[in-house]
Amino acid sequence: MGSSTSRNSITPEDSLQVTSSQDNENHNDDTKKSKSTTRKKIPGETSSYPPTKPSTKSKDNVITSQNLFEDIDKHVLETPKQLLLDNFRELLCYLTEPARGKQDEEENVKKKFQSGKYESPKSKSDLMKVRAIYCWITSLDLGGLVLGSELPPENSPMEYLAKIKWNMNNHAHLFALMCRMAYIPCVVITGVNKSAAYELGSPVNVKRMAAQWNAVFIQGQWMLVDTFWSSVCIVGRQTGDWTILDIDGEIVKTDNDDDEHDPTDGLSKHQVNEFYFLTDPEKCIMTHFPADPQWQLMKKTWSLEGFENYVYLREMFWNLGIKLLPKSKTKCLLTTEKGELDLEFKVPASHHLKFRYMLYMSGSNAIQGSLDRFVFYQKSGEIMKYAVQFPITGTFKLDIFGYDQTKHESLDLVCSYRIECPEAKANCQPLPDNPDIGWGPGEEAKQVGLVPKTHEGGLIYTNDEGMAEIKFDLSKGDLDLHQSMLTNKNGSPVSLVDYSYTRREGQMVIITIRVPFCGQYALKLFANEQGKEGVPIPNVCNYLIQCDNEKVNNPKYPSLNGGLVGKTANCNKLSVQPLRKSSSFIKTKDSTQTFQLETTPYTKLWAEVDNIYMLQQEASQLISHIQKTDNSQGKTSWQLDVKLPRDGEYAVNVYAENDSEADRLYNVINYLIIAGDVTQLSRSIQQPSKRSINDVVKSTNEQSATILFCETDESDMSLGMEVTRPGYNDGIGFGFLKRLNKEYSEVGLPVVGKYRGTVFIKTGSGSVYKKTVYRLKRDPPQDDDDTLDIEADDIVPEAIDPDESEERRAERKAEKERKHREKKERKRLEKKLRKRLQKSLENDDHYEIQAALEEFENKQLSDETGLKDDARKTIAALLVRDGLTLAMNSRKLKQLDPAIDYAEQVNHRNKLNLQLAMATRIQENLRNIEKLRHDILALDQRTISEIRSYNTPPDAVREVMYATFLMLGNSPAYMTTWKAIQALIGKSGKEGLKRRVGEFRVDNLDIETGVECKKMLTKYSLPVVRDVSSGVAAFYVWAWAWLNTGINKQLVEAEYAKPIEGL
């Protein structure tokens, strides 16, 4: 490495001791993987490498276009599988082929590499090679790697991948190896990262969070790469003792019987994440902290304390273009003030950005589901806010997720905060709603053309009378606009009907609300372009309405169909037109109001009048129709006269009926009449009338539902029905209404979902009033997997004892039903837990299997198939597998031999076959080396003295012994002469040559030393050395054996190999 550049620290620098681990993959899942022995870093200490200094180019400056890597990525993804069984040079030659220039232009690449002269900052050749290597590594799903029944060839890429899969190596070493084989400077950085093992707000746990990643030198500067984080994500891992309380305002079920797995299990999933390719240092430092501060590559380096305390930001924060504001919280550990906390961010103004949150509570005393709807989320323009209020004290965690609908497939973590609440907020009540798009007019409203004119924030305070008026300008064409209101009742959201209405005045939309009492309410607006049929009408804006006047006691508005004043989408579809261009919102002091409309001859109009102080049947008598046909124009004119007997508010809802659809009504236009001075009405005397409208709920999984249209004694009545889908604007004729007989009708339910069918009684004067409201629901077809076998005794009726009392019979029936429910529930639970245990066995993760087995045993479920015994044996085999990996990494026969013997005994379902083959391969190599070690130990002193006795030794003798002592750890500075080497040969005791060879550990051999030794030994063959000295030949063979074993062989070859043609 180059020398460190002088830097300014954000805070005083803390020392960080990090031990490199052979299995550095455990930085994302270390609780599931066994720890390995310490190993020296692979190439990275080359003295000729460029010095580290702060980056001057960002990732965007280097990757200048979105399709820059399109061709090379395509080439890499078509890599022949056979190359995985060859050698690394053949593989690398194929991968980098599109990135290599003419041979005469790059024939000196290796020479330049070794001399420290690197690629021009403007060249993209090395960038493309690095991209090819990165693309190949990250395209591999090592968790799902299928190795077959035989061990891959020794030193092949597939063998290396198998070692990574078995935690014997890692992605960072592989990336460095391949970059250096392509003569691109690359180092392995050791440090810690905020992976799945990270405890938010806690000090860094070096043992659990240890990790390795890379820095690669391209285009004149060092850039950061993490191939592991680029290719593996942990799904569902939740560290610490956290209980989920609230997911975006939805209460979390305590009964998780329907869950396929425990959300805290944490499963590894292959998923390519481009963020960690050439990551900008100021972004990488948020999650990756190197032990050597120079590899932060920043002008101002961070301290370990700063890394621990900073807000936990993940890659989606940067991918969505989010920024922290001066008011933003930059610490991960926050404390509330009087039970409240506000978070604020700057986000791009785009309706494609979607966010979600999850709220957790720490500790075993957390009450599940007690904190739903206490987070106020608002996104307005470029400002996103979260206001959290806590009704209880405790320690909490808030995770914010997000994604761009045009770029990402699913939500991913944006940031996390740990929140301490020492004091609960007084009189804290849950919000009436917590909408996905948040509160206030944001990008969703802007997209449909709603521009706020009066209220740009998400919180609205009513006036003293409990009223508010919200206005929008329309910047686009006609809209289908609907609204609804919600309030809290005993902590649960409840719909409020007829306390708000919407009307249009020119290019302005006005929503008027009147709340019943003091408190909080949610106003939800839904809109899309007129003419969009059969699709859900999306939620485009929401307001939190606050009324602080405790004296407010308001009645409803009269019932306007859909809460709309004016023409509906059906008006134009059915060719219904008002003849006078008058407002649908009318203020009058007259006792009669007249409306004139025009239709086709095949359409008939009906009208409904509503006043909250009148019974519906009474209100229906306030209207009369006068029909007049104009034959010359082929149109039918209608005049509706409405009597207004008293001051008050009246709703007139007009319906159309086509001859082709008998009995089916469509709402076409609604009027709101304010008669006289409504402010003078004495609401303390006048009480709203009680309505007698039947409300029937019915579910089916069929495409239609049969309903009781009218009772037998009402068969002479003329009836009509309006069928709608709440939240949809369906076209004319959607579904069907078919009269089966005088009493029953069939309603078409074309798609799965909820329907509302309102039956009206028609009067002779042309008015209608509501009789029955059917809340229909078509369920999806029942899955066969959801059905359970029912035993015969569950369906065979019992014989009736004539002497048994009715009370006793009822008790027995209830007891039988209870037992039946328990039996069904136990079968369902057994099926679920059995499925979970079987799935865990397929994943080969002993932690997951152990958790599933314990749950299965705790429920004391039957096990006729031997599943539990299979699980226990599998756990034992997998635990032995981890021990076998440790033994292989130790490279000690005294650990490896018993590990192999034990693994052979517990090799359940042949799960350890390949690992045993690998262990045997390493065992054979170690036995060979052990034999060579014994050969050296067996050398008599006369042979050692003979080697030492040379005054002017042959080159083979001098260089072999020089290489031997170099491997044993002696410094080249003290071996400049043969006399110095003679002195080393002549030492005895602990410093004796044979004793040092006997105690040699390959872990103590760094790569640069191995490269240098191999350069020397390659000059000579074994016969040549043996002809000079049989004693020296023993050291020659011993050194070669160590240099050609495992990863060290590959890394040494990466430094001392013939150039690939064209490099």
# chains A, B, ... in the order shown; residues from 1 in each chain; ligands from 1
call {"tool": "select_by_dssp", "arguments": {"residues": "region 148-397 of chain A", "states": "alpha helix (DSSP H)", "output": "compact mmCIF listing (two decimals) with all heavy atoms, in the first residue's frame"}}
result
# COMPACT_ATOMS: atom_id res chain seq x y z
N PRO A 157 -11.94 -22.57 -11.00
CA PRO A 157 -12.87 -21.56 -10.48
C PRO A 157 -14.02 -22.19 -9.69
O PRO A 157 -14.44 -21.64 -8.67
CB PRO A 157 -13.38 -20.86 -11.75
CG PRO A 157 -12.26 -21.01 -12.74
CD PRO A 157 -11.68 -22.37 -12.46
N MET A 158 -14.50 -23.34 -10.13
CA MET A 158 -15.61 -23.98 -9.43
C MET A 158 -15.19 -24.42 -8.04
O MET A 158 -15.97 -24.32 -7.08
CB MET A 158 -16.13 -25.17 -10.22
CG MET A 158 -17.33 -25.85 -9.58
SD MET A 158 -18.77 -24.75 -9.41
CE MET A 158 -19.46 -24.91 -11.04
N GLU A 159 -13.94 -24.89 -7.88
CA GLU A 159 -13.47 -25.26 -6.55
C GLU A 159 -13.43 -24.03 -5.64
O GLU A 159 -13.81 -24.08 -4.47
CB GLU A 159 -12.08 -25.88 -6.62
CG GLU A 159 -11.60 -26.38 -5.25
CD GLU A 159 -10.10 -26.62 -5.20
OE1 GLU A 159 -9.35 -25.75 -5.68
OE2 GLU A 159 -9.70 -27.65 -4.67
N TYR A 160 -12.98 -22.89 -6.21
CA TYR A 160 -12.94 -21.66 -5.41
C TYR A 160 -14.34 -21.26 -4.97
O TYR A 160 -14.57 -20.85 -3.82
CB TYR A 160 -12.30 -20.55 -6.25
CG TYR A 160 -11.73 -19.41 -5.42
CD1 TYR A 160 -10.38 -19.18 -5.39
CD2 TYR A 160 -12.57 -18.60 -4.68
CE1 TYR A 160 -9.85 -18.13 -4.62
CE2 TYR A 160 -12.06 -17.57 -3.91
CZ TYR A 160 -10.70 -17.34 -3.88
OH TYR A 160 -10.20 -16.32 -3.11
N LEU A 161 -15.30 -21.37 -5.91
CA LEU A 161 -16.69 -21.02 -5.58
C LEU A 161 -17.24 -21.95 -4.51
O LEU A 161 -17.98 -21.52 -3.63
CB LEU A 161 -17.56 -21.08 -6.83
CG LEU A 161 -17.18 -20.11 -7.96
CD1 LEU A 161 -18.11 -20.30 -9.15
CD2 LEU A 161 -17.22 -18.67 -7.48
N ALA A 162 -16.87 -23.22 -4.57
CA ALA A 162 -17.31 -24.17 -3.55
C ALA A 162 -16.75 -23.78 -2.19
O ALA A 162 -17.44 -23.86 -1.16
CB ALA A 162 -16.87 -25.58 -3.92
N LYS A 163 -15.50 -23.31 -2.17
CA LYS A 163 -14.90 -22.90 -0.90
C LYS A 163 -15.61 -21.68 -0.33
O LYS A 163 -15.77 -21.56 0.89
CB LYS A 163 -13.41 -22.62 -1.10
CG LYS A 163 -12.58 -23.88 -1.31
CD LYS A 163 -11.11 -23.54 -1.47
CE LYS A 163 -10.26 -24.80 -1.62
NZ LYS A 163 -8.83 -24.49 -1.77
N ILE A 164 -16.04 -20.77 -1.20
CA ILE A 164 -16.81 -19.62 -0.71
C ILE A 164 -18.14 -20.10 -0.14
O ILE A 164 -18.57 -19.67 0.93
CB ILE A 164 -17.04 -18.60 -1.84
CG1 ILE A 164 -15.71 -17.98 -2.28
CG2 ILE A 164 -18.00 -17.50 -1.38
CD1 ILE A 164 -15.84 -17.00 -3.43
N LYS A 165 -18.78 -21.01 -0.85
CA LYS A 165 -20.07 -21.54 -0.39
C LYS A 165 -19.91 -22.21 0.97
O LYS A 165 -20.81 -22.12 1.81
CB LYS A 165 -20.60 -22.55 -1.42
CG LYS A 165 -21.92 -23.20 -1.05
CD LYS A 165 -22.34 -24.20 -2.13
CE LYS A 165 -23.61 -24.95 -1.74
NZ LYS A 165 -24.80 -24.08 -1.76
N HIS A 171 -15.79 -13.46 -1.22
CA HIS A 171 -15.91 -12.72 -2.48
C HIS A 171 -14.76 -11.73 -2.66
O HIS A 171 -14.28 -11.54 -3.79
CB HIS A 171 -17.24 -11.95 -2.50
CG HIS A 171 -18.44 -12.81 -2.69
ND1 HIS A 171 -18.89 -13.69 -1.74
CD2 HIS A 171 -19.32 -12.90 -3.74
CE1 HIS A 171 -19.99 -14.29 -2.18
NE2 HIS A 171 -20.27 -13.84 -3.39
N ALA A 172 -14.36 -11.06 -1.59
CA ALA A 172 -13.33 -10.03 -1.71
C ALA A 172 -12.01 -10.62 -2.19
O ALA A 172 -11.31 -10.02 -3.03
CB ALA A 172 -13.15 -9.33 -0.36
N HIS A 173 -11.63 -11.78 -1.69
CA HIS A 173 -10.40 -12.43 -2.13
C HIS A 173 -10.51 -12.85 -3.59
O HIS A 173 -9.54 -12.72 -4.35
CB HIS A 173 -10.11 -13.64 -1.24
CG HIS A 173 -9.56 -13.26 0.09
ND1 HIS A 173 -8.36 -13.71 0.55
CD2 HIS A 173 -10.05 -12.46 1.06
CE1 HIS A 173 -8.13 -13.21 1.77
NE2 HIS A 173 -9.15 -12.45 2.09
N LEU A 174 -11.67 -13.34 -3.98
CA LEU A 174 -11.85 -13.77 -5.37
C LEU A 174 -11.74 -12.57 -6.32
O LEU A 174 -11.09 -12.64 -7.36
CB LEU A 174 -13.22 -14.44 -5.53
CG LEU A 174 -13.61 -14.86 -6.96
CD1 LEU A 174 -12.59 -15.84 -7.52
CD2 LEU A 174 -15.01 -15.47 -6.97
N PHE A 175 -12.36 -11.45 -5.96
CA PHE A 175 -12.32 -10.27 -6.81
C PHE A 175 -10.88 -9.75 -6.94
O PHE A 175 -10.42 -9.42 -8.04
CB PHE A 175 -13.22 -9.19 -6.22
CG PHE A 175 -13.28 -7.93 -7.04
CD1 PHE A 175 -14.02 -7.88 -8.21
CD2 PHE A 175 -12.60 -6.79 -6.63
CE1 PHE A 175 -14.09 -6.71 -8.96
CE2 PHE A 175 -12.66 -5.62 -7.37
CZ PHE A 175 -13.41 -5.59 -8.54
N ALA A 176 -10.15 -9.72 -5.81
CA ALA A 176 -8.77 -9.26 -5.85
C ALA A 176 -7.90 -10.18 -6.68
O ALA A 176 -7.05 -9.74 -7.46
CB ALA A 176 -8.22 -9.14 -4.43
N LEU A 177 -8.08 -11.47 -6.52
CA LEU A 177 -7.32 -12.46 -7.29
C LEU A 177 -7.49 -12.22 -8.79
O LEU A 177 -6.51 -12.14 -9.53
CB LEU A 177 -7.79 -13.87 -6.92
CG LEU A 177 -7.43 -15.01 -7.89
CD1 LEU A 177 -5.93 -15.21 -7.89
CD2 LEU A 177 -8.16 -16.27 -7.52
N MET A 178 -8.73 -12.07 -9.24
CA MET A 178 -8.98 -11.95 -10.67
C MET A 178 -8.53 -10.60 -11.22
O MET A 178 -8.03 -10.52 -12.34
CB MET A 178 -10.46 -12.19 -10.94
CG MET A 178 -10.92 -13.58 -10.56
SD MET A 178 -12.65 -13.93 -10.96
CE MET A 178 -12.58 -14.05 -12.74
N CYS A 179 -8.66 -9.54 -10.43
CA CYS A 179 -8.17 -8.23 -10.88
C CYS A 179 -6.65 -8.26 -11.05
O CYS A 179 -6.11 -7.77 -12.04
CB CYS A 179 -8.56 -7.14 -9.89
SG CYS A 179 -10.30 -6.66 -9.97
N ARG A 180 -5.96 -8.86 -10.10
CA ARG A 180 -4.50 -8.89 -10.17
C ARG A 180 -4.02 -9.81 -11.28
O ARG A 180 -2.97 -9.58 -11.88
CB ARG A 180 -3.92 -9.30 -8.81
CG ARG A 180 -4.12 -8.21 -7.75
CD ARG A 180 -3.64 -8.65 -6.38
NE ARG A 180 -2.19 -8.73 -6.32
CZ ARG A 180 -1.40 -7.69 -6.10
NH1 ARG A 180 -1.91 -6.49 -5.94
NH2 ARG A 180 -0.09 -7.84 -6.05
N MET A 181 -4.78 -10.85 -11.58
CA MET A 181 -4.44 -11.70 -12.72
C MET A 181 -4.59 -10.92 -14.02
O MET A 181 -3.95 -11.24 -15.03
CB MET A 181 -5.32 -12.95 -12.74
CG MET A 181 -5.02 -13.92 -11.61
SD MET A 181 -6.04 -15.42 -11.67
CE MET A 181 -5.14 -16.36 -12.89
N VAL A 206 -16.80 -5.84 16.79
CA VAL A 206 -15.80 -6.18 15.77
C VAL A 206 -15.90 -7.65 15.38
O VAL A 206 -15.79 -8.01 14.20
CB VAL A 206 -14.38 -5.84 16.28
CG1 VAL A 206 -13.34 -6.31 15.28
CG2 VAL A 206 -14.26 -4.35 16.50
N LYS A 207 -16.14 -8.51 16.36
CA LYS A 207 -16.17 -9.95 16.07
C LYS A 207 -17.33 -10.30 15.14
O LYS A 207 -17.17 -11.06 14.19
CB LYS A 207 -16.28 -10.74 17.38
CG LYS A 207 -16.21 -12.24 17.20
CD LYS A 207 -16.24 -12.94 18.55
CE LYS A 207 -16.16 -14.45 18.37
NZ LYS A 207 -16.21 -15.16 19.68
N ARG A 208 -18.50 -9.71 15.38
CA ARG A 208 -19.68 -10.06 14.59
C ARG A 208 -19.77 -9.27 13.29
O ARG A 208 -20.38 -9.71 12.33
CB ARG A 208 -20.95 -9.83 15.40
CG ARG A 208 -21.07 -10.68 16.65
CD ARG A 208 -22.46 -10.58 17.23
NE ARG A 208 -23.45 -11.14 16.33
CZ ARG A 208 -24.74 -10.85 16.34
NH1 ARG A 208 -25.19 -9.97 17.20
NH2 ARG A 208 -25.57 -11.42 15.50
N MET A 209 -19.18 -8.08 13.27
CA MET A 209 -19.34 -7.20 12.12
C MET A 209 -18.11 -7.15 11.23
O MET A 209 -18.04 -6.35 10.29
CB MET A 209 -19.68 -5.78 12.60
CG MET A 209 -21.02 -5.69 13.33
SD MET A 209 -21.28 -4.11 14.19
CE MET A 209 -21.20 -2.96 12.84
N THR A 227 -18.31 -6.92 -3.68
CA THR A 227 -19.02 -7.90 -4.51
C THR A 227 -19.99 -8.74 -3.69
O THR A 227 -20.96 -9.27 -4.24
CB THR A 227 -18.02 -8.82 -5.24
OG1 THR A 227 -17.06 -9.31 -4.30
CG2 THR A 227 -17.31 -8.08 -6.35
N PHE A 228 -19.72 -8.88 -2.38
CA PHE A 228 -20.65 -9.66 -1.57
C PHE A 228 -21.96 -8.89 -1.37
O PHE A 228 -23.04 -9.41 -1.59
CB PHE A 228 -20.04 -10.01 -0.21
CG PHE A 228 -20.96 -10.84 0.64
CD1 PHE A 228 -21.16 -12.17 0.36
CD2 PHE A 228 -21.64 -10.29 1.70
CE1 PHE A 228 -22.02 -12.96 1.12
CE2 PHE A 228 -22.51 -11.04 2.48
CZ PHE A 228 -22.69 -12.39 2.17
N TRP A 229 -21.87 -7.64 -0.95
CA TRP A 229 -23.08 -6.83 -0.78
C TRP A 229 -23.76 -6.58 -2.11
O TRP A 229 -24.94 -6.27 -2.16
CB TRP A 229 -22.73 -5.51 -0.09
CG TRP A 229 -22.68 -5.62 1.40
CD1 TRP A 229 -22.17 -6.66 2.12
CD2 TRP A 229 -23.16 -4.67 2.35
NE1 TRP A 229 -22.29 -6.41 3.46
CE2 TRP A 229 -22.89 -5.19 3.65
CE3 TRP A 229 -23.76 -3.43 2.26
CZ2 TRP A 229 -23.22 -4.52 4.82
CZ3 TRP A 229 -24.09 -2.75 3.44
CH2 TRP A 229 -23.82 -3.30 4.69
N SER A 230 -23.02 -6.72 -3.20
CA SER A 230 -23.61 -6.54 -4.53
C SER A 230 -24.40 -7.75 -4.99
O SER A 230 -25.18 -7.65 -5.93
CB SER A 230 -22.52 -6.25 -5.57
OG SER A 230 -21.97 -4.97 -5.39
N SER A 231 -24.20 -8.89 -4.35
CA SER A 231 -24.82 -10.11 -4.86
C SER A 231 -25.66 -10.87 -3.85
O SER A 231 -26.38 -11.80 -4.23
CB SER A 231 -23.74 -11.05 -5.41
OG SER A 231 -22.76 -11.34 -4.43
N PRO A 281 -16.95 7.17 -1.94
CA PRO A 281 -16.49 7.00 -0.54
C PRO A 281 -17.43 7.60 0.50
O PRO A 281 -17.64 7.00 1.56
CB PRO A 281 -15.13 7.70 -0.54
CG PRO A 281 -14.66 7.61 -1.95
CD PRO A 281 -15.89 7.73 -2.80
N GLU A 282 -18.00 8.79 0.22
CA GLU A 282 -18.86 9.43 1.21
C GLU A 282 -20.17 8.68 1.40
O GLU A 282 -20.87 8.89 2.40
CB GLU A 282 -19.15 10.88 0.82
CG GLU A 282 -19.98 11.06 -0.42
CD GLU A 282 -19.17 11.05 -1.71
OE1 GLU A 282 -17.96 10.70 -1.66
OE2 GLU A 282 -19.72 11.40 -2.76
N LYS A 283 -20.51 7.78 0.49
CA LYS A 283 -21.68 6.93 0.65
C LYS A 283 -21.29 5.59 1.27
O LYS A 283 -22.02 5.06 2.11
CB LYS A 283 -22.36 6.71 -0.71
CG LYS A 283 -22.85 8.00 -1.36
CD LYS A 283 -23.39 7.77 -2.76
CE LYS A 283 -23.82 9.08 -3.41
NZ LYS A 283 -24.30 8.89 -4.80
N CYS A 284 -20.16 5.08 0.86
CA CYS A 284 -19.71 3.78 1.38
C CYS A 284 -19.43 3.86 2.88
O CYS A 284 -19.68 2.90 3.61
CB CYS A 284 -18.46 3.34 0.63
SG CYS A 284 -17.99 1.62 0.93
N LEU A 304 -14.33 6.00 14.53
CA LEU A 304 -15.21 4.87 14.80
C LEU A 304 -16.46 5.34 15.54
O LEU A 304 -17.57 4.86 15.28
CB LEU A 304 -14.47 3.82 15.62
CG LEU A 304 -15.29 2.58 16.01
CD1 LEU A 304 -15.79 1.85 14.77
CD2 LEU A 304 -14.47 1.65 16.89
N GLU A 305 -16.30 6.30 16.45
CA GLU A 305 -17.44 6.83 17.19
C GLU A 305 -18.43 7.50 16.25
O GLU A 305 -19.65 7.36 16.38
CB GLU A 305 -16.96 7.82 18.25
CG GLU A 305 -18.09 8.40 19.10
CD GLU A 305 -17.59 9.41 20.11
OE1 GLU A 305 -16.38 9.74 20.06
OE2 GLU A 305 -18.39 9.88 20.93
N GLY A 306 -17.91 8.26 15.29
CA GLY A 306 -18.79 8.90 14.31
C GLY A 306 -19.52 7.88 13.48
O GLY A 306 -20.71 8.04 13.16
N PHE A 307 -18.84 6.80 13.09
CA PHE A 307 -19.46 5.72 12.32
C PHE A 307 -20.57 5.06 13.12
O PHE A 307 -21.64 4.75 12.60
CB PHE A 307 -18.38 4.71 11.94
CG PHE A 307 -18.88 3.49 11.22
CD1 PHE A 307 -19.25 3.56 9.89
CD2 PHE A 307 -18.96 2.27 11.88
CE1 PHE A 307 -19.70 2.43 9.21
CE2 PHE A 307 -19.40 1.14 11.21
CZ PHE A 307 -19.77 1.22 9.88
N GLU A 308 -20.33 4.83 14.41
CA GLU A 308 -21.33 4.18 15.27
C GLU A 308 -22.58 5.03 15.43
O GLU A 308 -23.71 4.53 15.41
CB GLU A 308 -20.74 3.90 16.65
CG GLU A 308 -19.69 2.81 16.68
CD GLU A 308 -19.06 2.69 18.05
OE1 GLU A 308 -19.13 3.67 18.84
OE2 GLU A 308 -18.48 1.63 18.35
N ASN A 309 -22.39 6.34 15.58
CA ASN A 309 -23.50 7.22 15.97
C ASN A 309 -24.29 7.79 14.81
O ASN A 309 -25.40 8.29 15.03
CB ASN A 309 -22.96 8.37 16.83
CG ASN A 309 -22.38 7.90 18.15
OD1 ASN A 309 -22.77 6.85 18.65
ND2 ASN A 309 -21.46 8.66 18.71
N GLU A 315 -28.39 1.94 0.85
CA GLU A 315 -28.21 2.36 -0.53
C GLU A 315 -29.45 2.98 -1.17
O GLU A 315 -29.36 3.83 -2.04
CB GLU A 315 -27.72 1.19 -1.39
CG GLU A 315 -28.58 -0.06 -1.32
CD GLU A 315 -28.16 -1.02 -0.23
OE1 GLU A 315 -27.53 -0.59 0.76
OE2 GLU A 315 -28.46 -2.21 -0.36
N MET A 316 -30.66 2.55 -0.71
CA MET A 316 -31.86 3.12 -1.30
C MET A 316 -31.99 4.61 -1.00
O MET A 316 -32.63 5.35 -1.75
CB MET A 316 -33.10 2.36 -0.80
CG MET A 316 -34.38 2.70 -1.56
SD MET A 316 -34.31 2.39 -3.35
CE MET A 316 -34.48 0.61 -3.40
N PHE A 317 -31.39 5.06 0.09
CA PHE A 317 -31.37 6.49 0.40
C PHE A 317 -30.74 7.27 -0.74
O PHE A 317 -31.27 8.29 -1.21
CB PHE A 317 -30.60 6.71 1.70
CG PHE A 317 -30.51 8.15 2.15
CD1 PHE A 317 -31.47 8.68 3.00
CD2 PHE A 317 -29.48 8.98 1.71
CE1 PHE A 317 -31.39 10.00 3.42
CE2 PHE A 317 -29.40 10.29 2.13
CZ PHE A 317 -30.36 10.81 2.98
N TRP A 318 -29.61 6.77 -1.23
CA TRP A 318 -28.89 7.45 -2.32
C TRP A 318 -29.56 7.17 -3.65
O TRP A 318 -29.62 8.06 -4.52
CB TRP A 318 -27.44 6.99 -2.34
CG TRP A 318 -26.79 7.02 -0.99
CD1 TRP A 318 -26.54 5.96 -0.17
CD2 TRP A 318 -26.34 8.18 -0.28
NE1 TRP A 318 -25.96 6.37 0.99
CE2 TRP A 318 -25.82 7.72 0.96
CE3 TRP A 318 -26.31 9.54 -0.56
CZ2 TRP A 318 -25.27 8.59 1.89
CZ3 TRP A 318 -25.77 10.39 0.37
CH2 TRP A 318 -25.27 9.93 1.58
N ASN A 319 -30.04 5.95 -3.85
CA ASN A 319 -30.66 5.60 -5.13
C ASN A 319 -31.88 6.46 -5.42
O ASN A 319 -32.20 6.73 -6.59
CB ASN A 319 -31.06 4.13 -5.14
CG ASN A 319 -29.86 3.20 -5.19
OD1 ASN A 319 -28.77 3.62 -5.58
ND2 ASN A 319 -30.04 1.96 -4.78
call {"tool": "residues_around", "arguments": {"residues": "Gln389 (chain A)", "least_positions_apart": "2", "cutoff": "6 Å", "atoms": "only C-alpha atoms", "output": "list in words"}}
result
Gly339, Glu340 and Phe374 of chain A
call {"tool": "write_last_selection", "arguments": {"atoms": "all heavy atoms", "output": "short mmCIF file (atom, residue, chain, number, x, y, z; two decimals), in the first residue's frame"}}
result
data_model
loop_
_atom_site.label_atom_id
_atom_site.label_comp_id
_atom_site.auth_asym_id
_atom_site.auth_seq_id
_atom_site.Cartn_x
_atom_site.Cartn_y
_atom_site.Cartn_z
N GLY A 339 -42.81 13.07 24.32
CA GLY A 339 -43.46 11.99 23.58
C GLY A 339 -43.60 12.23 22.10
O GLY A 339 -44.33 11.49 21.42
N GLU A 340 -42.89 13.22 21.54
CA GLU A 340 -43.01 13.54 20.12
C GLU A 340 -41.64 13.62 19.47
O GLU A 340 -40.64 13.96 20.10
CB GLU A 340 -43.76 14.85 19.90
CG GLU A 340 -45.21 14.81 20.33
CD GLU A 340 -45.93 16.11 20.04
OE1 GLU A 340 -45.42 17.19 20.44
OE2 GLU A 340 -47.00 16.07 19.42
N PHE A 374 -49.72 5.94 14.76
CA PHE A 374 -49.19 7.05 15.56
C PHE A 374 -48.07 7.78 14.81
O PHE A 374 -47.35 8.57 15.39
CB PHE A 374 -48.68 6.55 16.91
CG PHE A 374 -49.78 6.26 17.89
CD1 PHE A 374 -50.38 5.01 17.93
CD2 PHE A 374 -50.24 7.24 18.76
CE1 PHE A 374 -51.41 4.74 18.82
CE2 PHE A 374 -51.27 6.97 19.66
CZ PHE A 374 -51.85 5.72 19.69
#
call {"tool": "residues_around", "arguments": {"residues": "region 474-479 of chain A", "least_positions_apart": "3", "cutoff": "10 Å", "atoms": "only C-alpha atoms", "output": "list in words"}}
result
Lys446, Gln447, Val448, Gly449, Leu450, Val451, Pro452, Lys453, Lys471, His482, Arg504, Gly506, Gln507, Met508, Val509, Phe526, Ala527, Asn528, Glu529, Gln530, Gly531, Lys532, Thr568 and Ala569 of chain A
call {"tool": "residues_around", "arguments": {"residues": "region 828-832 of chain A", "least_positions_apart": "3", "cutoff": "7 Å", "atoms": "only C-alpha atoms", "output": "ChimeraX atom specification"}}
result
/A:257,824-825,835-836,861
call {"tool": "closest_residue", "arguments": {"among": "A:Glu443, A:Glu618, A:Asp433, A:Glu456", "to": "Leu544 (chain A)", "atoms": "only C-alpha atoms"}}
result
A:Asp433
call {"tool": "select_by_dssp", "arguments": {"residues": "region 599-717 of chain A", "states": "strand (DSSP E or B)", "output": "PyMOL selection string"}}
result
chain A and resi 599+603-610+623-630+635-643+648-658+664+666-675+694-700+704-708
call {"tool": "atom_distance", "arguments": {"atom1": "CA of Leu320 (chain A)", "atom2": "CA of Leu224 (chain A)"}}
result
20.5 Å
call {"tool": "residues_around", "arguments": {"residues": "region 63-72 of chain A", "least_positions_apart": "5", "cutoff": "12 Å", "atoms": "only C-alpha atoms", "output": "PyMOL selection string"}}
result
chain A and resi 57-58+77-79+94-100+122+124-125+127-136+218-219+274+277-280
call {"tool": "atom_distance", "arguments": {"atom1": "CA of Leu605 (chain A)", "atom2": "CA of Val576 (chain A)"}}
result
9.2 Å
call {"tool": "decode", "arguments": {"residues": "region 342-346 of chain A", "atoms": "C-alpha atoms", "output": "short mmCIF file (atom, residue, chain, number, x, y, z; two decimals), in the first residue's frame"}}
result
data_model
loop_
_atom_site.label_atom_id
_atom_site.label_comp_id
_atom_site.auth_asym_id
_atom_site.auth_seq_id
_atom_site.Cartn_x
_atom_site.Cartn_y
_atom_site.Cartn_z
CA ASP A 342 -40.13 14.89 13.90
CA LEU A 343 -37.98 13.66 11.00
CA GLU A 344 -37.46 15.64 7.81
CA PHE A 345 -35.79 14.87 4.47
CA LYS A 346 -35.43 16.37 1.03
#
